[in-house]
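> Supplied structure: coords22.txt, compact mmCIF, N, CA and C atoms.
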# COMPACT_ATOMS: atom_id res chain seq x y z
N ASP A 14 -36.31 64.65 59.28
CA ASP A 14 -35.97 66.01 59.60
C ASP A 14 -35.81 66.16 61.10
N GLY A 15 -34.81 66.92 61.53
CA GLY A 15 -34.53 67.11 62.94
C GLY A 15 -35.61 67.85 63.70
N ASN A 16 -36.49 68.59 63.00
CA ASN A 16 -37.55 69.31 63.67
C ASN A 16 -38.75 68.44 63.99
N MET A 17 -38.80 67.25 63.44
CA MET A 17 -39.89 66.30 63.68
C MET A 17 -41.25 66.83 63.20
N ASP A 18 -41.23 67.74 62.23
CA ASP A 18 -42.48 68.27 61.71
C ASP A 18 -42.59 68.15 60.19
N GLY A 19 -41.69 67.36 59.61
CA GLY A 19 -41.73 67.22 58.16
C GLY A 19 -40.71 66.23 57.67
N CYS A 20 -40.48 66.25 56.37
CA CYS A 20 -39.56 65.33 55.71
C CYS A 20 -38.47 66.10 54.98
N ALA A 21 -37.28 65.53 54.93
CA ALA A 21 -36.13 66.19 54.30
C ALA A 21 -35.42 65.22 53.37
N ASN A 22 -34.67 65.78 52.43
CA ASN A 22 -33.90 64.94 51.52
C ASN A 22 -32.40 65.10 51.74
N GLY A 23 -32.00 65.59 52.88
CA GLY A 23 -30.59 65.82 53.16
C GLY A 23 -29.94 64.66 53.88
N ASP A 24 -28.69 64.89 54.29
CA ASP A 24 -27.92 63.84 54.93
C ASP A 24 -27.85 63.97 56.44
N GLY A 25 -28.69 64.80 57.04
CA GLY A 25 -28.68 65.01 58.48
C GLY A 25 -29.53 64.01 59.23
N TYR A 26 -29.16 62.75 59.17
CA TYR A 26 -29.91 61.71 59.86
C TYR A 26 -28.91 60.73 60.48
N PRO A 27 -29.35 59.97 61.50
CA PRO A 27 -28.45 59.02 62.17
C PRO A 27 -28.00 57.90 61.23
N ASP A 28 -26.77 57.45 61.38
CA ASP A 28 -26.23 56.35 60.57
C ASP A 28 -27.06 55.08 60.67
N GLU A 29 -27.70 54.89 61.83
CA GLU A 29 -28.50 53.67 62.04
C GLU A 29 -29.63 53.54 61.02
N TRP A 30 -30.09 54.65 60.49
CA TRP A 30 -31.19 54.63 59.52
C TRP A 30 -30.80 53.95 58.22
N ASN A 31 -29.51 53.81 57.95
CA ASN A 31 -29.05 53.19 56.70
C ASN A 31 -29.24 51.67 56.70
N ALA A 32 -29.38 51.08 57.87
CA ALA A 32 -29.49 49.62 57.98
C ALA A 32 -30.95 49.19 58.04
N LYS A 33 -31.22 48.03 57.49
CA LYS A 33 -32.56 47.46 57.58
C LYS A 33 -32.79 47.00 59.01
N PRO A 34 -33.97 47.07 59.54
CA PRO A 34 -35.24 47.42 58.90
C PRO A 34 -35.52 48.93 58.90
N LEU A 35 -34.70 49.75 59.61
CA LEU A 35 -34.99 51.17 59.68
C LEU A 35 -34.99 51.85 58.32
N SER A 36 -34.11 51.44 57.42
CA SER A 36 -34.06 52.10 56.12
C SER A 36 -35.39 51.98 55.38
N ASP A 37 -36.08 50.86 55.55
CA ASP A 37 -37.38 50.68 54.91
C ASP A 37 -38.45 51.59 55.51
N LEU A 38 -38.26 51.97 56.78
CA LEU A 38 -39.24 52.81 57.46
C LEU A 38 -38.95 54.30 57.30
N MET A 39 -37.68 54.65 57.08
CA MET A 39 -37.28 56.05 57.13
C MET A 39 -37.11 56.72 55.77
N PHE A 40 -36.85 55.95 54.71
CA PHE A 40 -36.56 56.55 53.41
C PHE A 40 -37.68 56.29 52.43
N PHE A 41 -38.01 57.34 51.65
CA PHE A 41 -39.08 57.28 50.67
C PHE A 41 -38.58 57.88 49.36
N ASP A 42 -39.21 57.52 48.27
CA ASP A 42 -38.83 58.04 46.96
C ASP A 42 -39.26 59.49 46.77
N THR A 43 -40.31 59.92 47.47
CA THR A 43 -40.84 61.27 47.29
C THR A 43 -41.16 61.89 48.64
N PHE A 44 -41.26 63.23 48.66
CA PHE A 44 -41.70 63.91 49.87
C PHE A 44 -43.11 63.49 50.23
N GLU A 45 -43.96 63.36 49.21
CA GLU A 45 -45.34 62.97 49.45
C GLU A 45 -45.42 61.61 50.15
N GLY A 46 -44.60 60.66 49.70
CA GLY A 46 -44.57 59.34 50.32
C GLY A 46 -44.11 59.40 51.76
N CYS A 47 -43.09 60.21 52.02
CA CYS A 47 -42.59 60.37 53.38
C CYS A 47 -43.68 60.96 54.28
N CYS A 48 -44.32 62.03 53.82
CA CYS A 48 -45.36 62.68 54.63
C CYS A 48 -46.52 61.73 54.89
N ALA A 49 -46.93 60.99 53.87
CA ALA A 49 -48.02 60.04 54.06
C ALA A 49 -47.61 58.93 55.02
N GLY A 50 -46.37 58.49 54.94
CA GLY A 50 -45.88 57.41 55.78
C GLY A 50 -45.70 57.79 57.23
N HIS A 51 -45.32 59.04 57.49
CA HIS A 51 -45.03 59.45 58.86
C HIS A 51 -46.09 60.31 59.52
N PHE A 52 -46.98 60.93 58.74
CA PHE A 52 -47.91 61.89 59.32
C PHE A 52 -49.37 61.54 59.06
N ALA A 53 -49.65 60.37 58.52
CA ALA A 53 -51.03 60.00 58.16
C ALA A 53 -51.96 59.94 59.37
N ASP A 54 -51.44 59.55 60.53
CA ASP A 54 -52.30 59.37 61.70
C ASP A 54 -52.32 60.57 62.65
N LEU A 55 -51.72 61.67 62.23
CA LEU A 55 -51.65 62.84 63.11
C LEU A 55 -52.81 63.79 62.85
N PRO A 56 -53.69 63.95 63.84
CA PRO A 56 -54.80 64.89 63.66
C PRO A 56 -54.27 66.31 63.84
N PRO A 57 -54.93 67.35 63.40
CA PRO A 57 -56.10 67.24 62.55
C PRO A 57 -55.75 67.21 61.06
N ALA A 58 -54.57 67.73 60.68
CA ALA A 58 -54.28 67.92 59.26
C ALA A 58 -53.60 66.72 58.61
N GLY A 59 -52.99 65.83 59.39
CA GLY A 59 -52.30 64.67 58.82
C GLY A 59 -51.18 65.10 57.89
N PRO A 60 -51.02 64.41 56.75
CA PRO A 60 -49.91 64.71 55.84
C PRO A 60 -49.89 66.14 55.33
N ALA A 61 -51.02 66.83 55.32
CA ALA A 61 -51.05 68.21 54.84
C ALA A 61 -50.23 69.13 55.74
N ALA A 62 -50.03 68.75 57.02
CA ALA A 62 -49.25 69.56 57.95
C ALA A 62 -47.76 69.26 57.87
N CYS A 63 -47.37 68.31 57.08
CA CYS A 63 -45.98 67.90 56.93
C CYS A 63 -45.18 68.97 56.19
N ARG A 64 -44.12 69.47 56.82
CA ARG A 64 -43.27 70.48 56.18
C ARG A 64 -42.25 69.82 55.28
N ARG A 65 -41.90 70.49 54.23
CA ARG A 65 -40.94 69.99 53.25
C ARG A 65 -39.62 70.71 53.46
N TYR A 66 -38.56 69.95 53.72
CA TYR A 66 -37.21 70.48 53.87
C TYR A 66 -36.38 69.96 52.71
N ASP A 67 -36.19 70.81 51.70
CA ASP A 67 -35.50 70.42 50.48
C ASP A 67 -34.05 70.85 50.57
N ASN A 68 -33.20 69.98 51.07
CA ASN A 68 -31.81 70.32 51.30
C ASN A 68 -30.91 70.06 50.10
N CYS A 69 -31.25 69.09 49.28
CA CYS A 69 -30.49 68.79 48.07
C CYS A 69 -28.99 68.72 48.33
N SER A 70 -28.57 68.19 49.47
CA SER A 70 -27.16 68.30 49.77
C SER A 70 -26.47 67.01 50.15
N GLY A 71 -27.15 65.90 50.17
CA GLY A 71 -26.44 64.75 50.67
C GLY A 71 -26.99 63.44 50.17
N PRO A 72 -26.42 62.37 50.68
CA PRO A 72 -26.77 61.04 50.19
C PRO A 72 -28.14 60.58 50.66
N GLY A 73 -28.71 59.75 49.87
CA GLY A 73 -29.93 59.06 50.24
C GLY A 73 -29.67 57.58 50.03
N PRO A 74 -30.67 56.75 50.15
CA PRO A 74 -30.46 55.33 49.94
C PRO A 74 -29.87 55.07 48.55
N GLY A 75 -28.81 54.29 48.49
CA GLY A 75 -28.19 53.97 47.22
C GLY A 75 -27.13 54.96 46.78
N ASP A 76 -26.97 56.09 47.50
CA ASP A 76 -25.96 57.07 47.17
C ASP A 76 -24.60 56.54 47.63
N ASP A 77 -23.54 57.12 47.08
CA ASP A 77 -22.21 56.66 47.48
C ASP A 77 -21.76 57.28 48.79
N GLY A 78 -22.58 58.19 49.35
CA GLY A 78 -22.27 58.75 50.66
C GLY A 78 -21.21 59.81 50.66
N ASP A 79 -20.90 60.41 49.50
CA ASP A 79 -19.83 61.40 49.47
C ASP A 79 -20.28 62.78 49.92
N GLY A 80 -21.56 62.94 50.28
CA GLY A 80 -22.03 64.21 50.81
C GLY A 80 -22.42 65.20 49.74
N GLY A 81 -22.57 64.79 48.53
CA GLY A 81 -23.00 65.71 47.49
C GLY A 81 -22.02 65.79 46.37
N ASP A 82 -22.14 66.84 45.58
CA ASP A 82 -21.34 66.99 44.37
C ASP A 82 -20.05 67.72 44.70
N THR A 83 -19.08 67.00 45.26
CA THR A 83 -17.81 67.62 45.57
C THR A 83 -16.70 67.15 44.65
N ASP A 84 -17.01 66.22 43.76
CA ASP A 84 -15.97 65.67 42.90
C ASP A 84 -16.02 66.24 41.48
N GLY A 85 -16.82 67.27 41.26
CA GLY A 85 -16.89 67.91 39.95
C GLY A 85 -17.78 67.17 38.97
N GLY A 86 -18.45 66.12 39.42
CA GLY A 86 -19.33 65.37 38.53
C GLY A 86 -20.71 65.96 38.48
N GLU A 87 -21.63 65.19 37.96
CA GLU A 87 -23.02 65.64 37.86
C GLU A 87 -23.61 65.82 39.25
N GLU A 88 -24.50 66.81 39.39
CA GLU A 88 -25.22 66.96 40.65
C GLU A 88 -26.26 65.87 40.73
N GLU A 89 -26.80 65.67 41.94
CA GLU A 89 -27.78 64.61 42.13
C GLU A 89 -28.95 64.81 41.18
N GLU A 90 -29.32 63.77 40.47
CA GLU A 90 -30.36 63.86 39.46
C GLU A 90 -31.72 64.21 40.05
N ASP A 91 -31.99 63.83 41.31
CA ASP A 91 -33.29 64.12 41.88
C ASP A 91 -33.39 65.53 42.46
N CYS A 92 -32.34 66.29 42.40
CA CYS A 92 -32.32 67.66 42.89
C CYS A 92 -32.34 68.60 41.69
N VAL A 93 -33.52 68.86 41.19
CA VAL A 93 -33.70 69.68 40.01
C VAL A 93 -34.66 70.81 40.35
N THR A 94 -34.35 72.01 39.92
CA THR A 94 -35.26 73.13 40.09
C THR A 94 -35.61 73.70 38.74
N HIS A 95 -36.84 74.15 38.61
CA HIS A 95 -37.31 74.76 37.37
C HIS A 95 -37.40 76.27 37.51
N GLY A 96 -36.83 76.82 38.56
CA GLY A 96 -36.87 78.25 38.79
C GLY A 96 -37.67 78.61 40.03
N TRP A 97 -37.99 79.86 40.15
CA TRP A 97 -38.67 80.39 41.32
C TRP A 97 -40.19 80.30 41.16
N HIS A 98 -40.86 79.92 42.23
CA HIS A 98 -42.31 79.74 42.24
C HIS A 98 -42.83 79.96 43.65
N VAL A 99 -44.13 80.07 43.80
CA VAL A 99 -44.73 80.23 45.12
C VAL A 99 -44.38 79.02 45.98
N ASP A 100 -43.94 79.27 47.20
CA ASP A 100 -43.60 78.20 48.14
C ASP A 100 -44.88 77.51 48.57
N ARG A 101 -45.05 76.27 48.16
CA ARG A 101 -46.29 75.53 48.43
C ARG A 101 -46.46 75.18 49.89
N THR A 102 -45.42 75.28 50.70
CA THR A 102 -45.52 74.98 52.12
C THR A 102 -45.96 76.21 52.90
N SER A 103 -45.26 77.31 52.73
CA SER A 103 -45.55 78.52 53.52
C SER A 103 -46.60 79.42 52.88
N MET A 104 -46.66 79.42 51.56
CA MET A 104 -47.57 80.28 50.80
C MET A 104 -47.38 81.76 51.11
N ASP A 105 -46.20 82.13 51.64
CA ASP A 105 -45.96 83.53 51.96
C ASP A 105 -44.80 84.13 51.17
N GLY A 106 -44.35 83.40 50.16
CA GLY A 106 -43.21 83.88 49.38
C GLY A 106 -42.87 82.92 48.27
N CYS A 107 -41.66 83.09 47.75
CA CYS A 107 -41.22 82.29 46.61
C CYS A 107 -39.99 81.48 46.97
N THR A 108 -39.83 80.36 46.29
CA THR A 108 -38.68 79.48 46.48
C THR A 108 -38.24 78.93 45.14
N ASN A 109 -37.04 78.41 45.11
CA ASN A 109 -36.55 77.74 43.91
C ASN A 109 -36.38 76.24 44.18
N ASP A 110 -37.15 75.71 45.14
CA ASP A 110 -37.04 74.29 45.46
C ASP A 110 -37.68 73.43 44.37
N ALA A 111 -37.61 72.14 44.56
CA ALA A 111 -38.09 71.19 43.54
C ALA A 111 -39.57 70.85 43.71
N ASP A 112 -40.26 71.47 44.65
CA ASP A 112 -41.68 71.18 44.90
C ASP A 112 -42.55 71.94 43.91
N VAL A 113 -42.58 71.46 42.69
CA VAL A 113 -43.32 72.09 41.61
C VAL A 113 -44.49 71.20 41.22
N ASP A 114 -45.68 71.78 41.22
CA ASP A 114 -46.85 71.03 40.76
C ASP A 114 -46.65 70.71 39.28
N PRO A 115 -46.81 69.46 38.88
CA PRO A 115 -46.59 69.11 37.46
C PRO A 115 -47.42 69.94 36.49
N SER A 116 -48.59 70.40 36.92
CA SER A 116 -49.42 71.20 36.02
C SER A 116 -48.76 72.54 35.69
N TRP A 117 -47.85 73.02 36.55
CA TRP A 117 -47.17 74.29 36.31
C TRP A 117 -46.25 74.22 35.11
N LEU A 118 -45.88 73.01 34.68
CA LEU A 118 -44.99 72.86 33.54
C LEU A 118 -45.73 72.91 32.20
N ASP A 119 -47.06 73.03 32.26
CA ASP A 119 -47.87 73.14 31.05
C ASP A 119 -47.43 74.40 30.29
N PRO A 120 -47.10 74.27 29.00
CA PRO A 120 -46.61 75.43 28.24
C PRO A 120 -47.56 76.64 28.28
N ALA A 121 -48.86 76.40 28.48
CA ALA A 121 -49.82 77.50 28.50
C ALA A 121 -49.68 78.38 29.75
N ILE A 122 -49.16 77.83 30.85
CA ILE A 122 -49.07 78.61 32.10
C ILE A 122 -47.68 78.67 32.71
N VAL A 123 -46.71 77.99 32.13
CA VAL A 123 -45.39 77.90 32.76
C VAL A 123 -44.78 79.28 33.02
N SER A 124 -44.97 80.24 32.12
CA SER A 124 -44.37 81.57 32.32
C SER A 124 -45.06 82.34 33.45
N LEU A 125 -46.27 81.95 33.82
CA LEU A 125 -46.96 82.57 34.95
C LEU A 125 -46.56 81.95 36.27
N MET A 126 -46.17 80.69 36.25
CA MET A 126 -45.92 79.93 37.48
C MET A 126 -44.44 79.85 37.87
N LEU A 127 -43.53 79.81 36.90
CA LEU A 127 -42.11 79.61 37.17
C LEU A 127 -41.30 80.78 36.60
N HIS A 128 -40.36 81.28 37.41
CA HIS A 128 -39.64 82.50 37.05
C HIS A 128 -38.13 82.30 37.27
N PRO A 129 -37.30 82.95 36.45
CA PRO A 129 -35.85 82.78 36.59
C PRO A 129 -35.28 83.47 37.83
N THR A 130 -36.03 84.42 38.42
CA THR A 130 -35.53 85.12 39.61
C THR A 130 -36.60 85.17 40.70
N ALA A 131 -36.14 85.36 41.93
CA ALA A 131 -37.06 85.53 43.06
C ALA A 131 -37.89 86.79 42.88
N ASP A 132 -37.26 87.87 42.42
CA ASP A 132 -37.99 89.12 42.22
C ASP A 132 -39.12 88.94 41.21
N GLY A 133 -38.86 88.22 40.13
CA GLY A 133 -39.90 87.99 39.13
C GLY A 133 -41.07 87.21 39.70
N CYS A 134 -40.78 86.21 40.51
CA CYS A 134 -41.83 85.42 41.15
C CYS A 134 -42.64 86.29 42.10
N CYS A 135 -41.95 87.04 42.96
CA CYS A 135 -42.64 87.89 43.94
C CYS A 135 -43.51 88.93 43.25
N GLU A 136 -42.98 89.52 42.18
CA GLU A 136 -43.75 90.53 41.46
C GLU A 136 -45.02 89.93 40.86
N MET A 137 -44.91 88.74 40.28
CA MET A 137 -46.06 88.11 39.64
C MET A 137 -47.07 87.60 40.67
N ALA A 138 -46.59 86.96 41.72
CA ALA A 138 -47.49 86.28 42.65
C ALA A 138 -47.99 87.15 43.79
N PHE A 139 -47.17 88.10 44.24
CA PHE A 139 -47.54 88.86 45.44
C PHE A 139 -47.70 90.35 45.21
N ARG A 140 -47.35 90.81 44.04
CA ARG A 140 -47.45 92.23 43.66
C ARG A 140 -46.87 93.13 44.75
N ASP A 141 -47.69 93.92 45.41
CA ASP A 141 -47.19 94.87 46.41
C ASP A 141 -47.22 94.34 47.84
N LYS A 142 -47.45 93.05 48.01
CA LYS A 142 -47.51 92.46 49.34
C LYS A 142 -46.11 91.94 49.72
N PRO A 143 -45.86 91.74 51.02
CA PRO A 143 -44.57 91.16 51.44
C PRO A 143 -44.38 89.77 50.80
N CYS A 144 -43.15 89.48 50.45
CA CYS A 144 -42.83 88.21 49.79
C CYS A 144 -41.52 87.67 50.34
N ALA A 145 -41.60 86.57 51.09
CA ALA A 145 -40.39 85.93 51.60
C ALA A 145 -39.67 85.22 50.46
N ARG A 146 -38.38 85.01 50.62
CA ARG A 146 -37.58 84.30 49.61
C ARG A 146 -36.88 83.12 50.27
N TYR A 147 -37.18 81.92 49.78
CA TYR A 147 -36.60 80.70 50.33
C TYR A 147 -35.71 80.07 49.27
N GLU A 148 -34.41 80.36 49.34
CA GLU A 148 -33.50 79.87 48.32
C GLU A 148 -32.91 78.51 48.69
N VAL A 149 -32.95 77.60 47.75
CA VAL A 149 -32.34 76.29 47.88
C VAL A 149 -31.11 76.29 46.99
N THR A 150 -29.97 75.92 47.55
CA THR A 150 -28.75 75.89 46.75
C THR A 150 -28.33 74.44 46.49
N GLY A 151 -27.53 74.25 45.48
CA GLY A 151 -26.99 72.93 45.18
C GLY A 151 -27.82 72.12 44.21
N CYS A 152 -28.91 72.67 43.71
CA CYS A 152 -29.74 71.94 42.76
C CYS A 152 -29.41 72.38 41.34
N ARG A 153 -29.66 71.50 40.41
CA ARG A 153 -29.43 71.78 39.00
C ARG A 153 -30.66 72.47 38.43
N TYR A 154 -30.47 73.61 37.79
CA TYR A 154 -31.58 74.35 37.18
C TYR A 154 -31.88 73.77 35.80
N VAL A 155 -33.16 73.50 35.55
CA VAL A 155 -33.62 73.06 34.25
C VAL A 155 -34.70 74.02 33.80
N ASP A 156 -34.45 74.71 32.68
CA ASP A 156 -35.41 75.66 32.14
C ASP A 156 -36.71 74.94 31.81
N PRO A 157 -37.83 75.36 32.42
CA PRO A 157 -39.09 74.67 32.17
C PRO A 157 -39.57 74.81 30.72
N ALA A 158 -39.03 75.80 30.00
CA ALA A 158 -39.41 75.97 28.60
C ALA A 158 -38.52 75.15 27.69
N GLY A 159 -37.58 74.38 28.28
CA GLY A 159 -36.72 73.50 27.49
C GLY A 159 -35.42 74.12 27.03
N GLY A 160 -35.00 75.21 27.69
CA GLY A 160 -33.80 75.90 27.28
C GLY A 160 -32.52 75.34 27.85
N GLY A 161 -32.54 74.20 28.51
CA GLY A 161 -31.31 73.60 29.03
C GLY A 161 -31.09 73.93 30.48
N SER A 162 -29.89 73.68 30.98
CA SER A 162 -29.59 73.92 32.38
C SER A 162 -28.58 75.04 32.52
N GLY A 163 -28.54 75.61 33.75
CA GLY A 163 -27.62 76.71 33.96
C GLY A 163 -27.14 76.78 35.34
As structure tokens - that is how I would like this structure written.


Amino acid sequence: DGNMDGCANGDGYPDEWNAKPLSDLMFFDTFEGCCAGHFADLPPAGPAACRRYDNCSGPGPGDDGDGGDTDGGEEEEDCVTHGWHVDRTSMDGCTNDADVDPSWLDPAIVSLMLHPTADGCCEMAFRDKPCARYEVTGCRYVDPAGGGSG
């Protein structure tokens, strides 16, 4: 990430990172792996202070480098959203990013944790308090209740 305070999944990085040995140091399969790899030694919070930048817009290692879904084909498989939920980074609003705790997909609580709209999330999670909205575009929506994509 260009801010040097977190990890991103977008294509805004130098071309040199695509070549070894830098590619082994710069690219990770998950945000958690990236944060642990780059922020483990930073006091006081370490990886917990790592911000998540979910861009869902460009190539990663092994991608064809076309910059995203511009050819009418399938969107990137790793860019999936289950709807709107509390932003786990800022905790001051809702987002539709892919940073969903796996426990939120439990059928017993999924309707409390994931919402089809930002307003629904804000109403459930923040009631009458201010609620920021962090929208991520370009991701494929997958209904957490199994209703397909939209």

> Grab the atom CA of Leu127 of chain A to atom CA of Asp18 of chain A distance for me, in Å with one decimal place.

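Computing it gives 27.0 Å between the two atoms.
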
> What is the distance between atom N of Asn109 of chain A and atom CA of Asp28 of chain A, in Å to one decimal?

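Spanning atom N of Asn109 of chain A to atom CA of Asp28 of chain A is a straight-line distance of 29.0 Å.
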
> Identify, on the basis of only N, CA and C atoms, every residue whose closest approach to Cys47 of chain A does not exceed 8 Å; exclude the query and any residue fewer than 3 positions from it along the same chain; express the result as number ranges by chain.

A: 19-21, 39-44, 50-53, 60, 63

> Output N, CA and C atoms for every residue in that selection, as a PDB file, keeping the file's coordinate frame.


ATOM      1  N   GLY A  19     -41.690  67.360  59.610  1.00  0.00           N
ATOM      2  CA  GLY A  19     -41.730  67.220  58.160  1.00  0.00           C
ATOM      3  C   GLY A  19     -40.710  66.230  57.670  1.00  0.00           C
ATOM      4  N   CYS A  20     -40.480  66.250  56.370  1.00  0.00           N
ATOM      5  CA  CYS A  20     -39.560  65.330  55.710  1.00  0.00           C
ATOM      6  C   CYS A  20     -38.470  66.100  54.980  1.00  0.00           C
ATOM      7  N   ALA A  21     -37.280  65.530  54.930  1.00  0.00           N
ATOM      8  CA  ALA A  21     -36.130  66.190  54.300  1.00  0.00           C
ATOM      9  C   ALA A  21     -35.420  65.220  53.370  1.00  0.00           C
ATOM     10  N   MET A  39     -37.680  54.650  57.080  1.00  0.00           N
ATOM     11  CA  MET A  39     -37.280  56.050  57.130  1.00  0.00           C
ATOM     12  C   MET A  39     -37.110  56.720  55.770  1.00  0.00           C
ATOM     13  N   PHE A  40     -36.850  55.950  54.710  1.00  0.00           N
ATOM     14  CA  PHE A  40     -36.560  56.550  53.410  1.00  0.00           C
ATOM     15  C   PHE A  40     -37.680  56.290  52.430  1.00  0.00           C
ATOM     16  N   PHE A  41     -38.010  57.340  51.650  1.00  0.00           N
ATOM     17  CA  PHE A  41     -39.080  57.280  50.670  1.00  0.00           C
ATOM     18  C   PHE A  41     -38.580  57.880  49.360  1.00  0.00           C
ATOM     19  N   ASP A  42     -39.210  57.520  48.270  1.00  0.00           N
ATOM     20  CA  ASP A  42     -38.830  58.040  46.960  1.00  0.00           C
ATOM     21  C   ASP A  42     -39.260  59.490  46.770  1.00  0.00           C
ATOM     22  N   THR A  43     -40.310  59.920  47.470  1.00  0.00           N
ATOM     23  CA  THR A  43     -40.840  61.270  47.290  1.00  0.00           C
ATOM     24  C   THR A  43     -41.160  61.890  48.640  1.00  0.00           C
ATOM     25  N   PHE A  44     -41.260  63.230  48.660  1.00  0.00           N
ATOM     26  CA  PHE A  44     -41.700  63.910  49.870  1.00  0.00           C
ATOM     27  C   PHE A  44     -43.110  63.490  50.230  1.00  0.00           C
ATOM     28  N   GLY A  50     -46.370  58.490  54.940  1.00  0.00           N
ATOM     29  CA  GLY A  50     -45.880  57.410  55.780  1.00  0.00           C
ATOM     30  C   GLY A  50     -45.700  57.790  57.230  1.00  0.00           C
ATOM     31  N   HIS A  51     -45.320  59.040  57.490  1.00  0.00           N
ATOM     32  CA  HIS A  51     -45.030  59.450  58.860  1.00  0.00           C
ATOM     33  C   HIS A  51     -46.090  60.310  59.520  1.00  0.00           C
ATOM     34  N   PHE A  52     -46.980  60.930  58.740  1.00  0.00           N
ATOM     35  CA  PHE A  52     -47.910  61.890  59.320  1.00  0.00           C
ATOM     36  C   PHE A  52     -49.370  61.540  59.060  1.00  0.00           C
ATOM     37  N   ALA A  53     -49.650  60.370  58.520  1.00  0.00           N
ATOM     38  CA  ALA A  53     -51.030  60.000  58.160  1.00  0.00           C
ATOM     39  C   ALA A  53     -51.960  59.940  59.370  1.00  0.00           C
ATOM     40  N   PRO A  60     -51.020  64.410  56.750  1.00  0.00           N
ATOM     41  CA  PRO A  60     -49.910  64.710  55.840  1.00  0.00           C
ATOM     42  C   PRO A  60     -49.890  66.140  55.330  1.00  0.00           C
ATOM     43  N   CYS A  63     -47.370  68.310  57.080  1.00  0.00           N
ATOM     44  CA  CYS A  63     -45.980  67.900  56.930  1.00  0.00           C
ATOM     45  C   CYS A  63     -45.180  68.970  56.190  1.00  0.00           C
TER      46      CYS A  63
END

> To one decimal place, how far is atom N of Cys48 of chain A from atom N of Ser36 of chain A in Å?

15.1 Å

> Might you pull out every residue within 5 Å of segment 133-149 of chain A, with all atoms listed in the file counted and same-chain residues fewer than 6 positions away left off, and present them as number ranges by chain?

A: 105-109

> As AutoDock Vina command-line options, what would the box around segment 125-135 of chain A look like: edges along x, y and z, 3 Å added on every side, centre and edge lengths in Å to one decimal?


--center_x -41.1 --center_y 84.4 --center_z 38.9 --size_x 17.7 --size_y 15.5 --size_z 16.1

> Find, counting only N, CA and C atoms, the residue in A:Thr130, A:Lys33, A:Thr94, A:Leu125 that gets nearest to Val113 of chain A.

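Checking each candidate against Val113 of chain A, we get A:Thr94 as the closest.
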